[in-house]
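Peer 1: Data file input-v9.json (JSON, C-alpha atoms) is appended below.
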```json
[["chain", "number", "residue", "atom", "x", "y", "z"],
["A", 1089, "MET", "CA", -13.21, 17.16, -9.64],
["A", 1090, "SER", "CA", -15.25, 14.12, -8.57],
["A", 1091, "THR", "CA", -17.81, 12.72, -10.98],
["A", 1092, "ARG", "CA", -21.45, 12.25, -10.04],
["A", 1093, "ALA", "CA", -20.91, 8.50, -9.81],
["A", 1094, "GLU", "CA", -17.96, 9.03, -7.46],
["A", 1095, "LEU", "CA", -19.98, 11.41, -5.28],
["A", 1096, "ARG", "CA", -22.83, 8.87, -5.09],
["A", 1097, "ARG", "CA", -20.33, 6.20, -4.09],
["A", 1098, "ILE", "CA", -18.89, 8.41, -1.34],
["A", 1099, "ARG", "CA", -22.36, 9.21, 0.01],
["A", 1100, "ARG", "CA", -23.27, 5.51, 0.01],
["A", 1101, "ILE", "CA", -20.09, 4.65, 1.91],
["A", 1102, "ASP", "CA", -20.80, 7.38, 4.45],
["A", 1103, "ARG", "CA", -24.32, 6.02, 5.01],
["A", 1104, "TRP", "CA", -23.29, 2.45, 5.71],
["A", 1105, "MET", "CA", -20.34, 3.65, 7.79],
["A", 1106, "GLU", "CA", -22.80, 5.50, 10.03],
["A", 1107, "ILE", "CA", -25.11, 2.50, 10.33],
["A", 1108, "ILE", "CA", -22.91, -0.60, 10.28],
["A", 1109, "LEU", "CA", -19.42, 0.44, 11.31],
["A", 1110, "PRO", "CA", -20.23, 1.26, 14.97],
["A", 1111, "ARG", "CA", -21.57, -2.27, 15.46],
["A", 1112, "VAL", "CA", -18.56, -3.83, 13.73],
["A", 1113, "VAL", "CA", -16.17, -1.65, 15.74],
["A", 1114, "ARG", "CA", -17.87, -2.71, 18.97],
["A", 1115, "ARG", "CA", -17.24, -6.36, 18.10],
["A", 1116, "VAL", "CA", -13.58, -5.73, 17.26],
["A", 1117, "VAL", "CA", -13.02, -3.75, 20.45],
["A", 1118, "ASP", "CA", -14.64, -6.60, 22.41],
["A", 1119, "GLY", "CA", -12.17, -9.02, 20.86],
["A", 1120, "GLU", "CA", -14.61, -10.54, 18.35],
["A", 1121, "ALA", "CA", -12.88, -9.86, 15.04],
["A", 1122, "SER", "CA", -14.97, -12.43, 13.15],
["A", 1123, "GLN", "CA", -17.91, -12.03, 10.79],
["A", 1124, "PRO", "CA", -21.07, -10.94, 12.68],
["A", 1125, "GLY", "CA", -23.89, -13.44, 12.30],
["A", 1126, "TRP", "CA", -26.35, -10.68, 11.39],
["A", 1127, "LEU", "CA", -24.21, -9.42, 8.49],
["A", 1128, "PRO", "CA", -24.34, -11.48, 5.23],
["A", 1129, "ARG", "CA", -20.84, -12.05, 3.81],
["A", 1130, "ARG", "CA", -22.10, -11.55, 0.26],
["A", 1131, "TRP", "CA", -22.98, -7.98, 1.22],
["A", 1132, "LEU", "CA", -20.15, -6.98, 3.55],
["A", 1133, "THR", "CA", -17.29, -9.16, 4.78],
["A", 1134, "LEU", "CA", -15.16, -8.40, 7.82],
["A", 1135, "VAL", "CA", -11.71, -9.65, 6.84],
["A", 1136, "SER", "CA", -9.80, -8.55, 9.94],
["A", 1137, "GLY", "CA", -9.70, -6.17, 12.87],
["A", 1138, "ASP", "CA", -6.94, -5.09, 15.22],
["A", 1139, "VAL", "CA", -6.85, -3.00, 18.41],
["A", 1140, "ASP", "CA", -3.84, -1.65, 20.29],
["A", 1141, "TRP", "CA", -5.34, -0.97, 23.70],
["A", 1142, "ASP", "CA", -2.28, 0.77, 25.12],
["A", 1143, "ALA", "CA", -2.16, 3.23, 22.19],
["A", 1144, "GLY", "CA", -5.93, 3.61, 22.03],
["A", 1145, "VAL", "CA", -6.13, 2.91, 18.29],
["A", 1146, "GLY", "CA", -7.68, 0.27, 16.06],
["A", 1147, "ALA", "CA", -8.33, -0.64, 12.44],
["A", 1148, "VAL", "CA", -10.91, -2.68, 10.53],
["A", 1149, "TRP", "CA", -10.59, -4.27, 7.06],
["A", 1150, "LEU", "CA", -13.90, -4.68, 5.20],
["A", 1151, "VAL", "CA", -14.92, -5.78, 1.71],
["A", 1152, "TRP", "CA", -18.18, -4.45, 0.27],
["A", 1153, "ARG", "CA", -19.99, -6.85, -2.11],
["A", 1154, "PRO", "CA", -17.05, -9.25, -2.39],
["A", 1155, "GLY", "CA", -16.59, -11.09, -5.66],
["A", 1156, "SER", "CA", -18.88, -8.78, -7.63],
["A", 1157, "GLY", "CA", -18.05, -6.17, -10.25],
["A", 1158, "LYS", "CA", -18.92, -3.51, -7.66],
["A", 1159, "ALA", "CA", -16.62, -4.90, -4.96],
["A", 1160, "GLU", "CA", -14.77, -2.35, -2.83],
["A", 1161, "THR", "CA", -12.20, -2.69, -0.08],
["A", 1162, "HIS", "CA", -12.37, -0.34, 2.90],
["A", 1163, "THR", "CA", -9.94, 0.31, 5.73],
["A", 1164, "ALA", "CA", -11.41, 2.10, 8.75],
["A", 1165, "LEU", "CA", -9.32, 3.66, 11.51],
["A", 1166, "ILE", "CA", -10.74, 4.07, 15.00],
["A", 1167, "GLU", "CA", -9.45, 5.84, 18.10],
["A", 1168, "ARG", "CA", -10.42, 5.96, 21.74],
["A", 1169, "CYS", "CA", -11.66, 9.49, 22.33],
["A", 1170, "GLY", "CA", -12.35, 9.85, 26.02],
["A", 1171, "GLU", "CA", -14.58, 6.92, 26.96],
["A", 1172, "LYS", "CA", -15.74, 6.14, 23.43],
["A", 1173, "TRP", "CA", -14.23, 4.52, 20.36],
["A", 1174, "GLN", "CA", -14.76, 6.66, 17.28],
["A", 1175, "TYR", "CA", -14.29, 6.22, 13.54],
["A", 1176, "THR", "CA", -11.63, 8.73, 12.49],
["A", 1177, "GLY", "CA", -11.02, 8.04, 8.81],
["A", 1178, "GLY", "CA", -9.67, 5.44, 6.45],
["A", 1179, "GLY", "CA", -9.31, 4.58, 2.81],
["A", 1180, "SER", "CA", -11.01, 2.63, 0.02],
["A", 1181, "ARG", "CA", -10.27, 1.17, -3.37],
["A", 1182, "SER", "CA", -12.23, -0.52, -6.15],
["A", 1183, "ASP", "CA", -11.47, -4.20, -5.65],
["A", 1184, "GLY", "CA", -12.65, -6.93, -3.35],
["A", 1185, "ASP", "CA", -10.51, -10.05, -3.37],
["A", 1186, "LEU", "CA", -11.51, -12.21, -0.43],
["A", 1187, "PRO", "CA", -8.98, -14.36, 1.42],
["A", 1188, "ALA", "CA", -8.29, -17.53, -0.55],
["A", 1189, "GLU", "CA", -6.35, -20.60, 0.50],
["A", 1190, "ARG", "CA", -3.40, -19.71, 2.70],
["A", 1191, "LEU", "CA", -0.18, -20.47, 0.85],
["A", 1192, "ALA", "CA", 3.37, -21.43, 1.78],
["A", 1193, "ALA", "CA", 6.13, -18.89, 1.26],
["A", 1194, "GLY", "CA", 7.66, -19.04, -2.19],
["A", 1195, "GLN", "CA", 4.50, -20.21, -3.93],
["A", 1196, "PRO", "CA", 2.83, -18.09, -6.63],
["A", 1197, "GLY", "CA", 0.67, -15.58, -4.82],
["A", 1198, "GLN", "CA", 2.75, -15.74, -1.62],
["A", 1199, "VAL", "CA", 6.33, -14.67, -2.29],
["A", 1200, "GLY", "CA", 7.45, -13.92, 1.27],
["A", 1201, "MET", "CA", 6.53, -14.83, 4.83],
["A", 1202, "ILE", "CA", 5.05, -11.34, 5.28],
["A", 1203, "GLU", "CA", 3.66, -9.29, 2.42],
["A", 1204, "VAL", "CA", 2.55, -5.72, 3.05],
["A", 1205, "GLY", "CA", -0.43, -4.44, 1.06],
["A", 1206, "GLY", "CA", -2.54, -1.32, 1.28],
["A", 1207, "GLY", "CA", -3.27, 0.74, 4.33],
["A", 1208, "ALA", "CA", -4.48, 4.04, 5.70],
["A", 1209, "GLY", "CA", -3.24, 6.64, 8.13],
["A", 1210, "GLY", "CA", -3.54, 10.13, 9.49],
["A", 1211, "LEU", "CA", -2.72, 12.43, 12.38],
["A", 1212, "SER", "CA", -4.28, 11.32, 15.64],
["A", 1213, "TYR", "CA", -7.80, 12.71, 15.95],
["A", 1214, "ALA", "CA", -7.92, 12.04, 19.70],
["A", 1215, "TYR", "CA", -4.71, 14.03, 20.18],
["A", 1216, "ARG", "CA", -6.08, 16.95, 18.17],
["A", 1217, "LEU", "CA", -9.23, 16.95, 20.30],
["A", 1218, "ARG", "CA", -7.13, 17.30, 23.44],
["A", 1219, "HIS", "CA", -4.79, 19.92, 21.93],
["A", 1220, "ARG", "CA", -7.02, 22.35, 20.08],
["A", 1221, "HIS", "CA", -4.37, 25.07, 19.78],
["A", 1222, "PRO", "CA", -2.96, 25.15, 16.20],
["A", 1223, "ASP", "CA", 0.56, 24.60, 17.53],
["A", 1224, "GLY", "CA", -0.55, 21.23, 18.87],
["A", 1225, "ILE", "CA", -1.34, 19.81, 15.42],
["A", 1226, "GLY", "CA", 2.32, 19.77, 14.42],
["A", 1227, "THR", "CA", 3.16, 17.46, 17.32],
["A", 1228, "ALA", "CA", 0.24, 15.05, 16.80],
["A", 1229, "PRO", "CA", 1.28, 11.39, 16.48],
["A", 1230, "TRP", "CA", 0.48, 9.36, 13.38],
["A", 1231, "VAL", "CA", -2.05, 6.53, 13.41],
["A", 1232, "GLY", "CA", -1.39, 4.05, 10.61],
["A", 1233, "SER", "CA", -2.55, 0.65, 9.43],
["A", 1234, "ASN", "CA", -1.37, -1.96, 6.93],
["A", 1235, "GLU", "CA", -3.00, -4.96, 5.31],
["A", 1236, "LEU", "CA", -0.78, -8.04, 5.52],
["A", 1237, "GLN", "CA", -0.75, -11.40, 3.76],
["A", 1238, "VAL", "CA", 1.07, -14.02, 5.82],
["A", 1239, "ALA", "CA", 2.40, -17.45, 4.76],
["A", 1240, "VAL", "CA", 1.10, -20.69, 6.22],
["A", 1241, "GLU", "CA", 4.39, -21.33, 8.08],
["A", 1242, "VAL", "CA", 3.75, -18.33, 10.35],
["A", 1243, "ASP", "CA", 2.07, -18.91, 13.71],
["A", 1244, "HIS", "CA", 1.93, -15.31, 14.92],
["A", 1245, "LEU", "CA", 3.45, -11.87, 14.37],
["A", 1246, "LEU", "CA", 5.29, -9.50, 16.67],
["A", 1247, "LEU", "CA", 4.46, -5.88, 15.91],
["A", 1248, "GLY", "CA", 6.74, -3.85, 18.12],
["A", 1249, "ASP", "CA", 5.91, -5.14, 21.62],
["A", 1250, "ARG", "CA", 2.58, -6.68, 20.61],
["A", 1251, "ARG", "CA", 1.85, -10.31, 19.72],
["A", 1252, "ILE", "CA", -0.77, -10.66, 16.98],
["A", 1253, "GLU", "CA", -2.40, -13.97, 16.08],
["A", 1254, "VAL", "CA", -2.75, -14.80, 12.38],
["A", 1255, "PRO", "CA", -6.22, -15.90, 11.21],
["A", 1256, "GLY", "CA", -6.61, -19.11, 9.26],
["A", 1257, "HIS", "CA", -6.90, -17.36, 5.90],
["A", 1258, "GLY", "CA", -3.63, -15.50, 6.55],
["A", 1259, "ARG", "CA", -4.85, -11.96, 5.82],
["A", 1260, "LEU", "CA", -5.02, -9.39, 8.57],
["A", 1261, "ILE", "CA", -4.83, -5.71, 9.28],
["A", 1262, "VAL", "CA", -2.46, -4.26, 11.86],
["A", 1263, "VAL", "CA", -2.70, -0.83, 13.45],
["A", 1264, "TRP", "CA", 0.13, 1.23, 14.91],
["A", 1265, "LYS", "CA", 0.86, 4.64, 16.35],
["A", 1266, "SER", "CA", 4.11, 6.56, 16.08],
["A", 1267, "PRO", "CA", 5.47, 10.10, 16.12],
["A", 1268, "SER", "CA", 4.77, 11.78, 12.80],
["A", 1269, "ALA", "CA", 7.84, 12.08, 10.60],
["A", 1270, "GLY", "CA", 7.60, 14.08, 7.39],
["A", 1271, "HIS", "CA", 3.81, 14.21, 7.73],
["A", 1272, "ARG", "CA", 3.66, 10.40, 8.05],
["A", 1273, "GLY", "CA", 4.44, 7.86, 10.71],
["A", 1274, "ILE", "CA", 7.01, 5.10, 10.98],
["A", 1275, "ARG", "CA", 5.66, 1.54, 10.88],
["A", 1276, "PRO", "CA", 7.07, -0.65, 13.66],
["A", 1277, "LEU", "CA", 9.24, -3.68, 12.95],
["A", 1278, "ILE", "CA", 7.13, -6.74, 12.10],
["A", 1279, "VAL", "CA", 8.51, -10.20, 12.91],
["A", 1280, "ALA", "CA", 7.03, -13.51, 11.70],
["A", 1281, "VAL", "CA", 7.31, -16.32, 14.25],
["A", 1282, "GLY", "CA", 6.88, -20.05, 13.55],
["A", 1283, "ARG", "CA", 5.03, -22.63, 15.64],
["A", 1284, "ASP", "CA", 8.27, -23.64, 17.36],
["A", 1285, "GLY", "CA", 8.91, -20.04, 18.43],
["A", 1286, "SER", "CA", 11.67, -19.40, 15.91],
["A", 1287, "GLU", "CA", 11.91, -16.21, 13.88],
["A", 1288, "LEU", "CA", 11.06, -16.90, 10.24],
["A", 1289, "SER", "CA", 11.34, -13.42, 8.78],
["A", 1290, "ARG", "CA", 11.06, -9.73, 9.54],
["A", 1291, "ILE", "CA", 10.20, -6.54, 7.72],
["A", 1292, "GLY", "CA", 11.52, -3.18, 8.88],
["A", 1293, "PRO", "CA", 9.75, 0.17, 8.98],
["A", 1294, "HIS", "CA", 11.02, 1.26, 5.57],
["A", 1295, "ASP", "CA", 11.27, -2.14, 3.85],
["A", 1296, "SER", "CA", 9.07, -3.19, 0.95],
["A", 1297, "MET", "CA", 10.09, -6.86, 1.21],
["A", 1298, "ASP", "CA", 10.66, -9.08, 4.21],
["A", 1299, "SER", "CA", 14.04, -10.63, 5.07],
["A", 1300, "TYR", "CA", 12.98, -14.07, 3.77],
["A", 1301, "THR", "CA", 12.31, -12.65, 0.31],
["A", 1302, "TRP", "CA", 15.58, -10.69, 0.30],
["A", 1303, "ALA", "CA", 17.47, -13.85, 1.23],
["A", 1304, "GLU", "CA", 15.77, -15.83, -1.55],
["A", 1305, "LEU", "CA", 16.60, -13.19, -4.13],
["A", 1306, "SER", "CA", 20.21, -12.96, -3.06],
["A", 1307, "GLY", "CA", 20.66, -16.74, -2.87],
["A", 1308, "GLN", "CA", 21.46, -16.76, 0.85],
["A", 1309, "THR", "CA", 19.01, -19.51, 1.81],
["A", 1310, "GLU", "CA", 20.15, -23.09, 2.09]]
```
Just dump the structure as structure tokens.

Peer 2:
Amino acid sequence: MSTRAELRRIRRIDRWMEIILPRVVRRVVDGEASQPGWLPRRWLTLVSGDVDWDAGVGAVWLVWRPGSGKAETHTALIERCGEKWQYTGGGSRSDGDLPAERLAAGQPGQVGMIEVGGGAGGLSYAYRLRHRHPDGIGTAPWVGSNELQVAVEVDHLLLGDRRIEVPGHGRLIVVWKSPSAGHRGIRPLIVAVGRDGSELSRIGPHDSMDSYTWAELSGQTE
């Protein structure tokens, strides 16, 4: 059972989601995944946003009161429902580390080329709206997201068929859509590409470490 403090926290999150998130989502959908000028970073920081237009899904990574004892990290999922983009769920946790200096792979704090952190996911809300019969829920695709920390050597990522640019601080959220499997989805292959176009590393759908890290641990690197 939730405590009173937890219930107050949930209500507070719901209030600012209703007020602020639609404006942040509009920026991300318009391709402006940077901090809005009207939103003080000390209050709420937009770390990253991602939209897959073909799949009609997106995700936003936010930190509430970063650097304070009350800092919280929030992941918001959005979907295109008809002509509108709509918040459909997400996740939160009690921490708020902001992006620090981007590090090279192998340094303390950046073990691999791609490091997968937290995320959120759920059955597609847009699909369930279109298929209201109970039998349709079992065939609903999964909408998932993952927070990534990427080494300084990486120029961009390939997520399935999509190219995703890496921000200067090296932390970003990626969104994906897949058939549900065992009540969850299957994350696409993620490939890290260097500035010369070469593949630096990759992490598969079920991997917890990227290929660079595996090679380092097994002594296969030169």

Peer 1: Between A:Val1116, A:Val1238, A:Leu1150, A:Leu1277, which has the minimum distance to A:Trp1131 (counting all atoms listed in the file)?

Peer 2: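 Closest residue, counting all atoms listed in the file: A:Leu1150.
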
Peer 1: Around (12.8, -15.1, 10.4), as given in the file, which residues come within 8 Å? Count only C-alpha atoms and list them as a PyMOL selection string.

Peer 2: chain A and resi 1279-1281+1286-1290+1299-1300

Peer 1: Find the residues near A:Val1117: any atom within 9 Å, counting all atoms listed in the file, skip ones fewer than 4 places away on the same chain, and give them as a ChimeraX atom specification.

Peer 2: /A:1112-1113,1121,1137-1139,1141,1146,1173

Peer 1: Given the choices A:Arg1129, A:Ala1214, A:Arg1272, A:Glu1106, which gets closest to A:Glu1171 if the distance is worked out from only C-alpha atoms?

Peer 2: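 Among the listed residues, the smallest separation from A:Glu1171 belongs to A:Ala1214.
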
Peer 1: Please compute the atom CA of A:Pro1276-atom CA of A:His1244 distance, one decimal, in Å.

Peer 2: 15.6 Å

Peer 1: Quick one: everything within 8 Å of A:Ala1147, counting all atoms listed in the file, minus sequence neighbours fewer than 2 positions away in the same chain. Send it as a list in words.

Peer 2: Gly1137, Asp1138, Val1139, Val1145, Trp1149, Thr1163, Ala1164, Leu1165, Ile1166, Ser1233, Ile1261, Val1262 and Val1263 of chain A

Peer 1: What is the atom CA of A:Ala1303-atom CA of A:Ala1188 distance in Å, reported with one decimal?

Peer 2: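 A separation of 26.1 Å between them.
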